[in-house]
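Asker: A single structure is presented below for examination.
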Amino acid sequence: LYSKISAMALHNSTGSISISIEASIATIEFGHPASNSFPSSLLHELTQTIETVGHNPEVVVVVLKSQGTAAFCAGASFDELQAITNETEGKTFFSGFAHLINAMRKCPKIIVGRVQGKAVGGGVGIAATCDYVLATQEANIKLSELAIGIGPFVIEPAVSRKIGKTALAELSLAAGEWKSAAWAKEKGLYANTFETIEKLDEALSILTRQLASYNLEALAEMKKVLWEGTSHWDTLLLDRAAITGTLVLSEATKTALAAFKK
């Protein structure tokens with residue numbers, strides 16, 4: 001689909017996805033008015049886009065970024081989270097991030113994340129699933145799920161793979177606390193951080209041009225090496241989605257969500 005066009009955009013009332021391909025580099029940009037959060041429809045579109053671009057022979061490397069200069073990603077849609085009424089809806093909702101993470105890890109192309117601002121919940125999971133991440137010094141992170149009665153169960157394998165269980169505990173148990181971009185770099189989530197978005201983009205351009213010059217087959221084999229031992233995620237992440245889908249119906253979570261909205 002994208003091999004015949006240089007750019008394409010998908011827009012709807014629940015956000016947008018845009019794709020451009022230049023010099024073997026595919027840039028995928030997602031956006032949503034609510035701090036680049038993800039309703040289910042947008043997660044589905046991004047998952048499909050990752051899968052399609054991954055099979056495009058003209059693409060060597062993928063850049064994943066979000067719109068604007070503020071938040072990178074606020075995670076799952078709060079409105080949809082509140083609207084869940086049964087376990088089936090809950091599992092379906094949280095499976096969105098499961099499918100996205102699995103699509104990213106199975107994508108045969110190296111995915112470079114551009115994190116220009118804060119990331120929360122699923123946004124941290126997306127950053128963790130990128131193969132390489134460059135960020136600004138403003139790109140603080142938080143896993144706030146326990147504060148609303150659930151937990152970062154779906155994204156946990158991806159986050160733990162990058163920063164380890166000890167750092168995961170520090171991040172997730174202090175659910176109301178922001179961790180700095182410097183902390184995220186120290187723990188391995190970010191490869192490097194930059195003072196400004198302009199400097200971030202300069203470094204991103206240098207890195208992606210370099211990657212695009214490499215042997216595509218070698219990069220594909222390297223991607224396999226990076227993700228060795230994760231084939232069970234196809235079922236693991238969906239099992240985790242079911243756990244979260246049940247927890248979100250608890251009275252504790254309903255109370256926390258109502259208080260949070262106020």
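Chain lettering (A, B, ...) mirrors the order of the structure tokens, residue numbering begins at 1 for each chain separately, and ligand numbering begins at 1 in order of display.
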With only C-alpha atoms as the counted atoms, please give the residues lying no more than 9 Å from stretch 235-244 of chain A, apart from itself and same-chain residues fewer than 2 positions off, as a PyMOL selection string.
Answerer: chain A and resi 87-88+90-99+101-102+150-157+231-233+246-249
Asker: Which parts of stretch 101-184 of chain A does DSSP call alpha helix (DSSP H) when run on the backbone here, written out as a ChimeraX atom specification?
Answerer: /A:101-106,122-129,156-173,181-184
Asker: A:Gly245, A:Gly15, A:Gly75, A:Gly54: which is nearest A:Val124, counting only C-alpha atoms?
Answerer: A:Gly75
Asker: Mind checking which residues fall within 9 Å of A:Ser24, counting only C-alpha atoms, ignoring those fewer than 2 positions away in the same chain, and posting them as an MDAnalysis selection string?
Answerer: chainID A and resid 21:22 26 57:62 209 212:213
Asker: Counting only C-alpha atoms, figure out which residue out of A:Asn56, A:Gln210, A:Ser77, A:Thr69 gets nearest to A:Gly117.
Answerer: A:Thr69
Asker: Just to confirm, what's the straight-line distance from atom CA of A:Glu80 to atom CA of A:Glu145 in Å (one decimal)?
Answerer: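 Calculated distance between atom CA of A:Glu80 and atom CA of A:Glu145 is 14.9 Å.
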Asker: Applying 8 Å and only C-alpha atoms, which residues near stretch 197-208 of chain A remain after dropping the ones on its own chain fewer than 5 positions away? List them as a VMD selection string.
Answerer: chain A and resid 25 61 63 69 112 114 116 134 to 136
Asker: Which residue is closest to A:Ala169? Choose from A:Glu45, A:Ala181, A:Leu146, A:Tyr190 and count only C-alpha atoms.
Answerer: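 Selected residue with least distance to A:Ala169: A:Leu146.
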Asker: Which residue, A:Lys254, A:Lys223, A:Lys142, A:Lys179, has the smallest gap to A:Cys130 when you use only C-alpha atoms?
Answerer: A:Lys223
Asker: Go through stretch 15-210 of chain A and collect every residue that DSSP, computed from the backbone, puts in strand (DSSP E or B); the answer should be as an MDAnalysis selection string.
Answerer: chainID A and resid 15:22 25:31 38 61:66 73 76 110:115 119:120 132:136 141:142 179 192:194
Asker: Can you write just those residues out, C-alpha atoms, as a PDB file, in the first residue's frame?
Answerer:
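Writing done, so here's result.pdb:
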```pdb
ATOM      1  CA  GLY A  15      -7.400  10.876  16.544  1.00  0.00           C
ATOM      2  CA  SER A  16      -5.166  10.492  13.535  1.00  0.00           C
ATOM      3  CA  ILE A  17      -2.308   8.475  12.087  1.00  0.00           C
ATOM      4  CA  SER A  18      -0.022   9.827   9.372  1.00  0.00           C
ATOM      5  CA  ILE A  19       2.683   7.989   7.452  1.00  0.00           C
ATOM      6  CA  SER A  20       5.460   9.344   5.256  1.00  0.00           C
ATOM      7  CA  ILE A  21       8.249   7.416   3.543  1.00  0.00           C
ATOM      8  CA  GLU A  22      11.462   9.079   2.432  1.00  0.00           C
ATOM      9  CA  ILE A  25      12.709   5.765   6.403  1.00  0.00           C
ATOM     10  CA  ALA A  26       9.022   5.437   7.304  1.00  0.00           C
ATOM     11  CA  THR A  27       7.794   8.005   9.807  1.00  0.00           C
ATOM     12  CA  ILE A  28       4.555   7.137  11.594  1.00  0.00           C
ATOM     13  CA  GLU A  29       2.947   9.919  13.625  1.00  0.00           C
ATOM     14  CA  PHE A  30      -0.062   9.432  15.898  1.00  0.00           C
ATOM     15  CA  GLY A  31      -2.112  12.144  17.499  1.00  0.00           C
ATOM     16  CA  PHE A  38      -5.344   6.156  22.617  1.00  0.00           C
ATOM     17  CA  VAL A  61      13.732   1.722   9.392  1.00  0.00           C
ATOM     18  CA  VAL A  62      10.609   3.054  11.114  1.00  0.00           C
ATOM     19  CA  VAL A  63      10.303   6.187  13.238  1.00  0.00           C
ATOM     20  CA  LEU A  64       7.393   6.310  15.686  1.00  0.00           C
ATOM     21  CA  LYS A  65       6.440   9.737  16.987  1.00  0.00           C
ATOM     22  CA  SER A  66       3.459  11.706  18.258  1.00  0.00           C
ATOM     23  CA  CYS A  73       1.420   9.815  24.999  1.00  0.00           C
ATOM     24  CA  ALA A  76      -5.307   4.640  27.143  1.00  0.00           C
ATOM     25  CA  ILE A 110      13.920  -1.545  13.511  1.00  0.00           C
ATOM     26  CA  ILE A 111      11.562   0.928  15.224  1.00  0.00           C
ATOM     27  CA  VAL A 112      13.082   4.129  16.600  1.00  0.00           C
ATOM     28  CA  GLY A 113      10.956   6.030  19.095  1.00  0.00           C
ATOM     29  CA  ARG A 114      10.943   9.844  19.229  1.00  0.00           C
ATOM     30  CA  VAL A 115       9.709  10.848  22.679  1.00  0.00           C
ATOM     31  CA  ALA A 119       4.664   9.470  28.755  1.00  0.00           C
ATOM     32  CA  VAL A 120       2.124   7.818  31.037  1.00  0.00           C
ATOM     33  CA  TYR A 132      15.795   2.367  20.198  1.00  0.00           C
ATOM     34  CA  VAL A 133      14.499   5.566  21.788  1.00  0.00           C
ATOM     35  CA  LEU A 134      15.676   9.158  21.673  1.00  0.00           C
ATOM     36  CA  ALA A 135      13.937  11.652  23.973  1.00  0.00           C
ATOM     37  CA  THR A 136      14.053  15.178  25.306  1.00  0.00           C
ATOM     38  CA  ILE A 141       7.459   8.983  32.740  1.00  0.00           C
ATOM     39  CA  LYS A 142       4.835   7.607  35.113  1.00  0.00           C
ATOM     40  CA  LYS A 179      10.380   9.677  37.074  1.00  0.00           C
ATOM     41  CA  ASN A 192      19.882   9.317  24.876  1.00  0.00           C
ATOM     42  CA  THR A 193      18.173  12.556  25.895  1.00  0.00           C
ATOM     43  CA  PHE A 194      18.476  16.079  24.503  1.00  0.00           C
TER      44      PHE A 194
END
```
Asker: Which is closest to A:Ser37 among A:Val53, A:Leu257, A:Leu81, A:Leu171, if we use only C-alpha atoms?
Answerer: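 Ranked by minimum distance to A:Ser37, first place goes to A:Leu81.
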Asker: Go through A:Leu173, A:Met104, A:Ile163, A:Ala182 and flag the residue nearest A:Asn140, using only C-alpha atoms for the distances.
Answerer: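 The shortest atom-to-atom distance to A:Asn140 comes from A:Ala182.
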